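Asks: Dropping the structure in here first, questions after.
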Amino acid sequence: MEYGLNFRKREVYDYLVIAEKQKMMGCLNKDMIIKTLFDKVSAFFDADTFIIFGSSALDAKKASDIDLLIIGRKDVSKALKEFEEIYNKRVHAIKIRDLKHIKPELMIELYKKHIILNDTERIIRLFGGLHEKNKLV
C-alpha cells in the first residue's frame, strides 16, 4: 500500500507552509550562521526569494560553503560579501530571475534539502505542483 499527500486539498498546503516556517524558525534559533545570513538578506525579502539548500541546509557549520538560491533581480552581492567576511564561509549563490528558470536537477536538490527563508507558500505550491506531475522523486 502506498501513501501520499493530496495536494488538491488547500489544507495540505497550509500545513506544509506552517511546518516549513517552523523548520526555518528552528534553524534560526539554533544556528547563528543561518540566522546571520537571514538577517543580511532579509532587507531584500520584498523583491527576492531565498532558499538555502544542499548540505548547508542540514548543518551550516560543517558545510564547506552555503548554497543559496536567489530568485529575483536585486543585487545582494554586498550583503553576501559582508556575511562571508564575518564567518569566513563562502556563499555559493545561484541567481535566477524567476521560478521557471530552475533546472530539474536543481529543483530535485531543493526539494530534498532546503530551508526556505521567505516566500514559503509560493515555493511549497511549486513543489506540490511538480510532485503531482511526478516531476519530483
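In the C-alpha cells, the first chain shown is A, the next is B, and so on; residue numbers restart at 1 for each chain, and ligands run from 1 in the order shown.
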For Ile124 of chain A, work out the shell of residues within 10 Å, counting only C-alpha atoms and skipping chain neighbours fewer than 5 positions away, then give it as a PyMOL selection string.
Replies: chain A and resi 13-14+16-17+20+111+116+119+129-130
Asks: Do you know which residues are at most 12 Å from Thr120 of chain A counting only C-alpha atoms, after dropping those on the same chain fewer than 2 positions away, and could you put them as a PDB file with N, CA and C atoms, in the first residue's frame?
Replies:
ATOM      1  N   TYR A  13      -1.484  22.379   1.791  1.00  0.00           N
ATOM      2  CA  TYR A  13      -0.517  23.464   1.613  1.00  0.00           C
ATOM      3  C   TYR A  13      -0.376  24.293   2.882  1.00  0.00           C
ATOM      4  N   ASP A  14      -1.492  24.551   3.543  1.00  0.00           N
ATOM      5  CA  ASP A  14      -1.431  25.322   4.788  1.00  0.00           C
ATOM      6  C   ASP A  14      -0.566  24.616   5.831  1.00  0.00           C
ATOM      7  N   TYR A  15      -0.774  23.313   6.000  1.00  0.00           N
ATOM      8  CA  TYR A  15       0.023  22.549   6.963  1.00  0.00           C
ATOM      9  C   TYR A  15       1.491  22.505   6.570  1.00  0.00           C
ATOM     10  N   LEU A  16       1.765  22.338   5.282  1.00  0.00           N
ATOM     11  CA  LEU A  16       3.157  22.291   4.833  1.00  0.00           C
ATOM     12  C   LEU A  16       3.855  23.636   5.016  1.00  0.00           C
ATOM     13  N   VAL A  17       3.138  24.723   4.759  1.00  0.00           N
ATOM     14  CA  VAL A  17       3.719  26.054   4.958  1.00  0.00           C
ATOM     15  C   VAL A  17       4.042  26.269   6.434  1.00  0.00           C
ATOM     16  N   ILE A  18       3.122  25.891   7.308  1.00  0.00           N
ATOM     17  CA  ILE A  18       3.363  26.013   8.750  1.00  0.00           C
ATOM     18  C   ILE A  18       4.576  25.176   9.156  1.00  0.00           C
ATOM     19  N   ALA A  19       4.653  23.949   8.668  1.00  0.00           N
ATOM     20  CA  ALA A  19       5.783  23.073   9.010  1.00  0.00           C
ATOM     21  C   ALA A  19       7.095  23.654   8.502  1.00  0.00           C
ATOM     22  N   GLU A  20       7.102  24.189   7.294  1.00  0.00           N
ATOM     23  CA  GLU A  20       8.330  24.784   6.730  1.00  0.00           C
ATOM     24  C   GLU A  20       8.752  26.023   7.516  1.00  0.00           C
ATOM     25  N   LYS A  21       7.795  26.835   7.905  1.00  0.00           N
ATOM     26  CA  LYS A  21       8.122  28.030   8.696  1.00  0.00           C
ATOM     27  C   LYS A  21       8.660  27.637  10.072  1.00  0.00           C
ATOM     28  N   GLN A  22       8.091  26.595  10.677  1.00  0.00           N
ATOM     29  CA  GLN A  22       8.614  26.118  11.965  1.00  0.00           C
ATOM     30  C   GLN A  22      10.033  25.585  11.806  1.00  0.00           C
ATOM     31  N   LYS A  23      10.286  24.873  10.716  1.00  0.00           N
ATOM     32  CA  LYS A  23      11.633  24.364  10.445  1.00  0.00           C
ATOM     33  C   LYS A  23      12.616  25.523  10.318  1.00  0.00           C
ATOM     34  N   MET A  24      12.236  26.549   9.545  1.00  0.00           N
ATOM     35  CA  MET A  24      13.097  27.711   9.357  1.00  0.00           C
ATOM     36  C   MET A  24      13.350  28.431  10.681  1.00  0.00           C
ATOM     37  N   PHE A  45      13.760  40.776   1.088  1.00  0.00           N
ATOM     38  CA  PHE A  45      12.620  39.865   1.056  1.00  0.00           C
ATOM     39  C   PHE A  45      11.438  40.407   0.258  1.00  0.00           C
ATOM     40  N   ASP A  48      12.900  39.598  -3.608  1.00  0.00           N
ATOM     41  CA  ASP A  48      13.544  38.336  -3.966  1.00  0.00           C
ATOM     42  C   ASP A  48      13.158  37.220  -3.001  1.00  0.00           C
ATOM     43  N   THR A  49      13.360  35.982  -3.451  1.00  0.00           N
ATOM     44  CA  THR A  49      13.114  34.793  -2.642  1.00  0.00           C
ATOM     45  C   THR A  49      14.452  34.099  -2.412  1.00  0.00           C
ATOM     46  N   PHE A  50      14.673  33.614  -1.186  1.00  0.00           N
ATOM     47  CA  PHE A  50      15.945  32.996  -0.812  1.00  0.00           C
ATOM     48  C   PHE A  50      15.708  31.604  -0.240  1.00  0.00           C
ATOM     49  N   ILE A  51      16.477  30.630  -0.761  1.00  0.00           N
ATOM     50  CA  ILE A  51      16.386  29.252  -0.279  1.00  0.00           C
ATOM     51  C   ILE A  51      17.800  28.722  -0.076  1.00  0.00           C
ATOM     52  N   HIS A 114      16.399  21.679   2.055  1.00  0.00           N
ATOM     53  CA  HIS A 114      16.199  23.121   1.901  1.00  0.00           C
ATOM     54  C   HIS A 114      15.793  23.785   3.213  1.00  0.00           C
ATOM     55  N   ILE A 115      16.058  25.070   3.249  1.00  0.00           N
ATOM     56  CA  ILE A 115      15.488  25.969   4.255  1.00  0.00           C
ATOM     57  C   ILE A 115      14.954  27.157   3.464  1.00  0.00           C
ATOM     58  N   ILE A 116      13.652  27.305   3.445  1.00  0.00           N
ATOM     59  CA  ILE A 116      13.030  28.409   2.717  1.00  0.00           C
ATOM     60  C   ILE A 116      13.033  29.618   3.637  1.00  0.00           C
ATOM     61  N   LEU A 117      13.768  30.660   3.265  1.00  0.00           N
ATOM     62  CA  LEU A 117      13.888  31.829   4.136  1.00  0.00           C
ATOM     63  C   LEU A 117      12.698  32.776   4.017  1.00  0.00           C
ATOM     64  N   ASN A 118      12.068  32.833   2.863  1.00  0.00           N
ATOM     65  CA  ASN A 118      10.893  33.690   2.690  1.00  0.00           C
ATOM     66  C   ASN A 118      10.074  33.202   1.503  1.00  0.00           C
ATOM     67  N   ARG A 122       4.656  30.206  -1.853  1.00  0.00           N
ATOM     68  CA  ARG A 122       4.918  30.113  -3.297  1.00  0.00           C
ATOM     69  C   ARG A 122       5.809  28.911  -3.619  1.00  0.00           C
ATOM     70  N   ILE A 123       6.833  28.692  -2.806  1.00  0.00           N
ATOM     71  CA  ILE A 123       7.757  27.580  -3.045  1.00  0.00           C
ATOM     72  C   ILE A 123       7.064  26.246  -2.763  1.00  0.00           C
ATOM     73  N   ILE A 124       6.300  26.166  -1.693  1.00  0.00           N
ATOM     74  CA  ILE A 124       5.580  24.927  -1.376  1.00  0.00           C
ATOM     75  C   ILE A 124       4.574  24.601  -2.476  1.00  0.00           C
ATOM     76  N   ARG A 125       3.896  25.594  -3.013  1.00  0.00           N
ATOM     77  CA  ARG A 125       2.951  25.352  -4.107  1.00  0.00           C
ATOM     78  C   ARG A 125       3.682  24.851  -5.356  1.00  0.00           C
ATOM     79  N   LEU A 126       4.865  25.381  -5.605  1.00  0.00           N
ATOM     80  CA  LEU A 126       5.670  24.893  -6.729  1.00  0.00           C
ATOM     81  C   LEU A 126       6.044  23.428  -6.522  1.00  0.00           C
ATOM     82  N   PHE A 127       6.560  23.097  -5.327  1.00  0.00           N
ATOM     83  CA  PHE A 127       6.909  21.704  -5.019  1.00  0.00           C
ATOM     84  C   PHE A 127       5.697  20.790  -5.162  1.00  0.00           C
TER      85      PHE A 127
END
Asks: Name all residues at most 7 Å from Leu68 of chain A (count only C-alpha atoms; drop same-chain ones fewer than 6 positions away) and give them as a VMD selection string.
Replies: chain A and resid 50 to 53 91 to 94
Asks: For Ala47 of chain A, work out the shell of residues within 10 Å, counting only C-alpha atoms and skipping chain neighbours fewer than 5 positions away, then give it as a PyMOL selection string.
Replies: chain A and resi 71-74+119
Asks: Mind writing the picked residues with C-alpha atoms as a JSON list (two decimals), in the first residue's frame?
Replies:
[["chain", "number", "residue", "atom", "x", "y", "z"],
["A", 71, "ILE", "CA", 15.04, 34.16, -7.17],
["A", 72, "GLY", "CA", 14.70, 37.78, -8.28],
["A", 73, "ARG", "CA", 16.52, 40.76, -9.68],
["A", 74, "LYS", "CA", 18.03, 42.65, -6.73],
["A", 119, "ASP", "CA", 8.01, 33.40, 0.24]]
Asks: Of the candidates A:Leu5, A:Ile102, A:Ile108, A:Leu37, which one gets nearest to Glu85 of chain A if we count only C-alpha atoms?
Replies: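 For Glu85 of chain A, the nearest of the candidates is A:Leu37.
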Asks: Using only C-alpha atoms, I'd like a table of the residues in segment 53-101 of chain A that come within 10 Å of segment 26-29 of chain A; for each, show the closest atom pair and its distance in Å rounded to one decimal, ordered by chain and ascending number, as a Markdown table.
Replies:
| residue | atom | partner | partner_atom | distance |
| --- | --- | --- | --- | --- |
| A:Ala57 | CA | A:Cys27 | CA | 8.8 |
| A:Leu58 | CA | A:Cys27 | CA | 9.2 |
| A:Asp59 | CA | A:Cys27 | CA | 9.3 |
| A:Ala60 | CA | A:Cys27 | CA | 9.7 |
Asks: Could you go through segment 69-103 of chain A and tell me which residues DSSP, when run on the backbone, assigns to strand (DSSP E or B), listing them as a PyMOL selection string?
Replies: chain A and resi 69-71+90-96
Asks: Write out the residues from the selection above, keeping N, CA and C atoms, as a PDB file, in the first residue's frame.
Replies:
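This went into result_10.pdb:
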ATOM      1  N   LEU A  69      19.963  29.734  -3.216  1.00  0.00           N
ATOM      2  CA  LEU A  69      19.238  30.087  -4.432  1.00  0.00           C
ATOM      3  C   LEU A  69      18.563  31.428  -4.189  1.00  0.00           C
ATOM      4  N   ILE A  70      18.769  32.341  -5.127  1.00  0.00           N
ATOM      5  CA  ILE A  70      18.149  33.662  -5.069  1.00  0.00           C
ATOM      6  C   ILE A  70      17.264  33.794  -6.302  1.00  0.00           C
ATOM      7  N   ILE A  71      15.985  33.995  -6.070  1.00  0.00           N
ATOM      8  CA  ILE A  71      15.036  34.155  -7.169  1.00  0.00           C
ATOM      9  C   ILE A  71      14.611  35.621  -7.175  1.00  0.00           C
ATOM     10  N   ARG A  90      32.125  30.805   2.497  1.00  0.00           N
ATOM     11  CA  ARG A  90      31.720  31.206   1.160  1.00  0.00           C
ATOM     12  C   ARG A  90      30.230  30.921   0.939  1.00  0.00           C
ATOM     13  N   VAL A  91      29.567  31.850   0.253  1.00  0.00           N
ATOM     14  CA  VAL A  91      28.189  31.648  -0.156  1.00  0.00           C
ATOM     15  C   VAL A  91      28.205  31.362  -1.656  1.00  0.00           C
ATOM     16  N   HIS A  92      27.756  30.169  -1.998  1.00  0.00           N
ATOM     17  CA  HIS A  92      27.633  29.790  -3.407  1.00  0.00           C
ATOM     18  C   HIS A  92      26.232  30.185  -3.839  1.00  0.00           C
ATOM     19  N   ALA A  93      26.122  31.378  -4.406  1.00  0.00           N
ATOM     20  CA  ALA A  93      24.814  31.925  -4.775  1.00  0.00           C
ATOM     21  C   ALA A  93      24.477  31.579  -6.222  1.00  0.00           C
ATOM     22  N   ILE A  94      23.286  31.038  -6.399  1.00  0.00           N
ATOM     23  CA  ILE A  94      22.746  30.803  -7.733  1.00  0.00           C
ATOM     24  C   ILE A  94      21.578  31.765  -7.878  1.00  0.00           C
ATOM     25  N   LYS A  95      21.686  32.655  -8.855  1.00  0.00           N
ATOM     26  CA  LYS A  95      20.670  33.687  -9.025  1.00  0.00           C
ATOM     27  C   LYS A  95      19.904  33.442 -10.318  1.00  0.00           C
ATOM     28  N   ILE A  96      18.581  33.397 -10.200  1.00  0.00           N
ATOM     29  CA  ILE A  96      17.716  33.276 -11.370  1.00  0.00           C
ATOM     30  C   ILE A  96      16.638  34.348 -11.278  1.00  0.00           C
TER      31      ILE A  96
END
Asks: For Val76 of chain A, which of A:Val41, A:Leu99, A:Leu110, A:Ala63 is the closest residue, counting only C-alpha atoms?
Replies: A:Val41
Asks: DSSP says helix (DSSP H, G or I) for which residues of chain A? Put them as a PyMOL selection string?
Replies: chain A and resi 10-30+32-44+54-57+77-87+99-101+104-112+120-132
Asks: Give me a file of those residues, with C-alpha atoms, as a PDB file, in the first residue's frame.
Replies:
ATOM      1  CA  ARG A  10      -5.916  23.509   0.196  1.00  0.00           C
ATOM      2  CA  GLU A  11      -5.337  22.460   3.812  1.00  0.00           C
ATOM      3  CA  VAL A  12      -2.335  20.334   2.801  1.00  0.00           C
ATOM      4  CA  TYR A  13      -0.517  23.464   1.613  1.00  0.00           C
ATOM      5  CA  ASP A  14      -1.431  25.322   4.788  1.00  0.00           C
ATOM      6  CA  TYR A  15       0.023  22.549   6.963  1.00  0.00           C
ATOM      7  CA  LEU A  16       3.157  22.291   4.833  1.00  0.00           C
ATOM      8  CA  VAL A  17       3.719  26.054   4.958  1.00  0.00           C
ATOM      9  CA  ILE A  18       3.363  26.013   8.750  1.00  0.00           C
ATOM     10  CA  ALA A  19       5.783  23.073   9.010  1.00  0.00           C
ATOM     11  CA  GLU A  20       8.330  24.784   6.730  1.00  0.00           C
ATOM     12  CA  LYS A  21       8.122  28.030   8.696  1.00  0.00           C
ATOM     13  CA  GLN A  22       8.614  26.118  11.965  1.00  0.00           C
ATOM     14  CA  LYS A  23      11.633  24.364  10.445  1.00  0.00           C
ATOM     15  CA  MET A  24      13.097  27.711   9.357  1.00  0.00           C
ATOM     16  CA  MET A  25      12.472  29.295  12.766  1.00  0.00           C
ATOM     17  CA  GLY A  26      14.122  26.306  14.460  1.00  0.00           C
ATOM     18  CA  CYS A  27      17.186  26.776  12.256  1.00  0.00           C
ATOM     19  CA  LEU A  28      17.325  30.492  13.062  1.00  0.00           C
ATOM     20  CA  ASN A  29      17.167  29.726  16.785  1.00  0.00           C
ATOM     21  CA  LYS A  30      19.877  27.059  16.819  1.00  0.00           C
ATOM     22  CA  MET A  32      23.945  31.546  14.287  1.00  0.00           C
ATOM     23  CA  ILE A  33      25.364  31.232  10.764  1.00  0.00           C
ATOM     24  CA  ILE A  34      21.901  30.754   9.254  1.00  0.00           C
ATOM     25  CA  LYS A  35      20.483  33.498  11.492  1.00  0.00           C
ATOM     26  CA  THR A  36      23.141  35.983  10.388  1.00  0.00           C
ATOM     27  CA  LEU A  37      22.632  35.148   6.711  1.00  0.00           C
ATOM     28  CA  PHE A  38      18.863  35.530   7.209  1.00  0.00           C
ATOM     29  CA  ASP A  39      19.415  38.952   8.799  1.00  0.00           C
ATOM     30  CA  LYS A  40      21.705  40.051   5.944  1.00  0.00           C
ATOM     31  CA  VAL A  41      19.309  39.095   3.147  1.00  0.00           C
ATOM     32  CA  SER A  42      16.029  39.965   4.889  1.00  0.00           C
ATOM     33  CA  ALA A  43      16.282  43.532   3.564  1.00  0.00           C
ATOM     34  CA  PHE A  44      15.636  42.039   0.118  1.00  0.00           C
ATOM     35  CA  GLY A  54      22.258  21.195  -0.020  1.00  0.00           C
ATOM     36  CA  SER A  55      24.426  20.152   2.921  1.00  0.00           C
ATOM     37  CA  SER A  56      24.322  23.661   4.388  1.00  0.00           C
ATOM     38  CA  ALA A  57      20.566  23.206   4.954  1.00  0.00           C
ATOM     39  CA  SER A  77      26.258  40.769  -3.551  1.00  0.00           C
ATOM     40  CA  LYS A  78      27.265  43.392  -0.965  1.00  0.00           C
ATOM     41  CA  ALA A  79      25.183  41.742   1.762  1.00  0.00           C
ATOM     42  CA  LEU A  80      26.599  38.306   0.881  1.00  0.00           C
ATOM     43  CA  LYS A  81      30.159  39.626   0.872  1.00  0.00           C
ATOM     44  CA  GLU A  82      29.647  41.142   4.349  1.00  0.00           C
ATOM     45  CA  PHE A  83      28.359  37.783   5.567  1.00  0.00           C
ATOM     46  CA  GLU A  84      31.344  35.932   4.063  1.00  0.00           C
ATOM     47  CA  GLU A  85      33.743  38.306   5.799  1.00  0.00           C
ATOM     48  CA  ILE A  86      32.062  37.797   9.185  1.00  0.00           C
ATOM     49  CA  TYR A  87      32.015  33.981   9.076  1.00  0.00           C
ATOM     50  CA  LEU A  99      10.950  30.055 -10.877  1.00  0.00           C
ATOM     51  CA  LYS A 100      10.533  28.819 -14.430  1.00  0.00           C
ATOM     52  CA  HIS A 101      14.326  29.059 -14.913  1.00  0.00           C
ATOM     53  CA  PRO A 104      15.222  19.968 -12.985  1.00  0.00           C
ATOM     54  CA  GLU A 105      18.412  18.767 -11.242  1.00  0.00           C
ATOM     55  CA  LEU A 106      18.484  21.842  -9.025  1.00  0.00           C
ATOM     56  CA  MET A 107      14.758  21.507  -8.307  1.00  0.00           C
ATOM     57  CA  ILE A 108      15.255  17.966  -7.029  1.00  0.00           C
ATOM     58  CA  GLU A 109      18.163  19.126  -4.812  1.00  0.00           C
ATOM     59  CA  LEU A 110      15.993  21.963  -3.453  1.00  0.00           C
ATOM     60  CA  TYR A 111      13.116  19.590  -2.774  1.00  0.00           C
ATOM     61  CA  LYS A 112      15.284  17.151  -0.822  1.00  0.00           C
ATOM     62  CA  THR A 120       7.299  29.965   1.686  1.00  0.00           C
ATOM     63  CA  GLU A 121       3.813  29.411   0.279  1.00  0.00           C
ATOM     64  CA  ARG A 122       4.918  30.113  -3.297  1.00  0.00           C
ATOM     65  CA  ILE A 123       7.757  27.580  -3.045  1.00  0.00           C
ATOM     66  CA  ILE A 124       5.580  24.927  -1.376  1.00  0.00           C
ATOM     67  CA  ARG A 125       2.951  25.352  -4.107  1.00  0.00           C
ATOM     68  CA  LEU A 126       5.670  24.893  -6.729  1.00  0.00           C
ATOM     69  CA  PHE A 127       6.909  21.704  -5.019  1.00  0.00           C
ATOM     70  CA  GLY A 128       3.349  20.408  -4.695  1.00  0.00           C
ATOM     71  CA  GLY A 129       2.549  21.073  -8.345  1.00  0.00           C
ATOM     72  CA  LEU A 130       5.699  19.321  -9.513  1.00  0.00           C
ATOM     73  CA  HIS A 131       5.087  16.414  -7.157  1.00  0.00           C
ATOM     74  CA  GLU A 132       1.586  15.951  -8.566  1.00  0.00           C
TER      75      GLU A 132
END
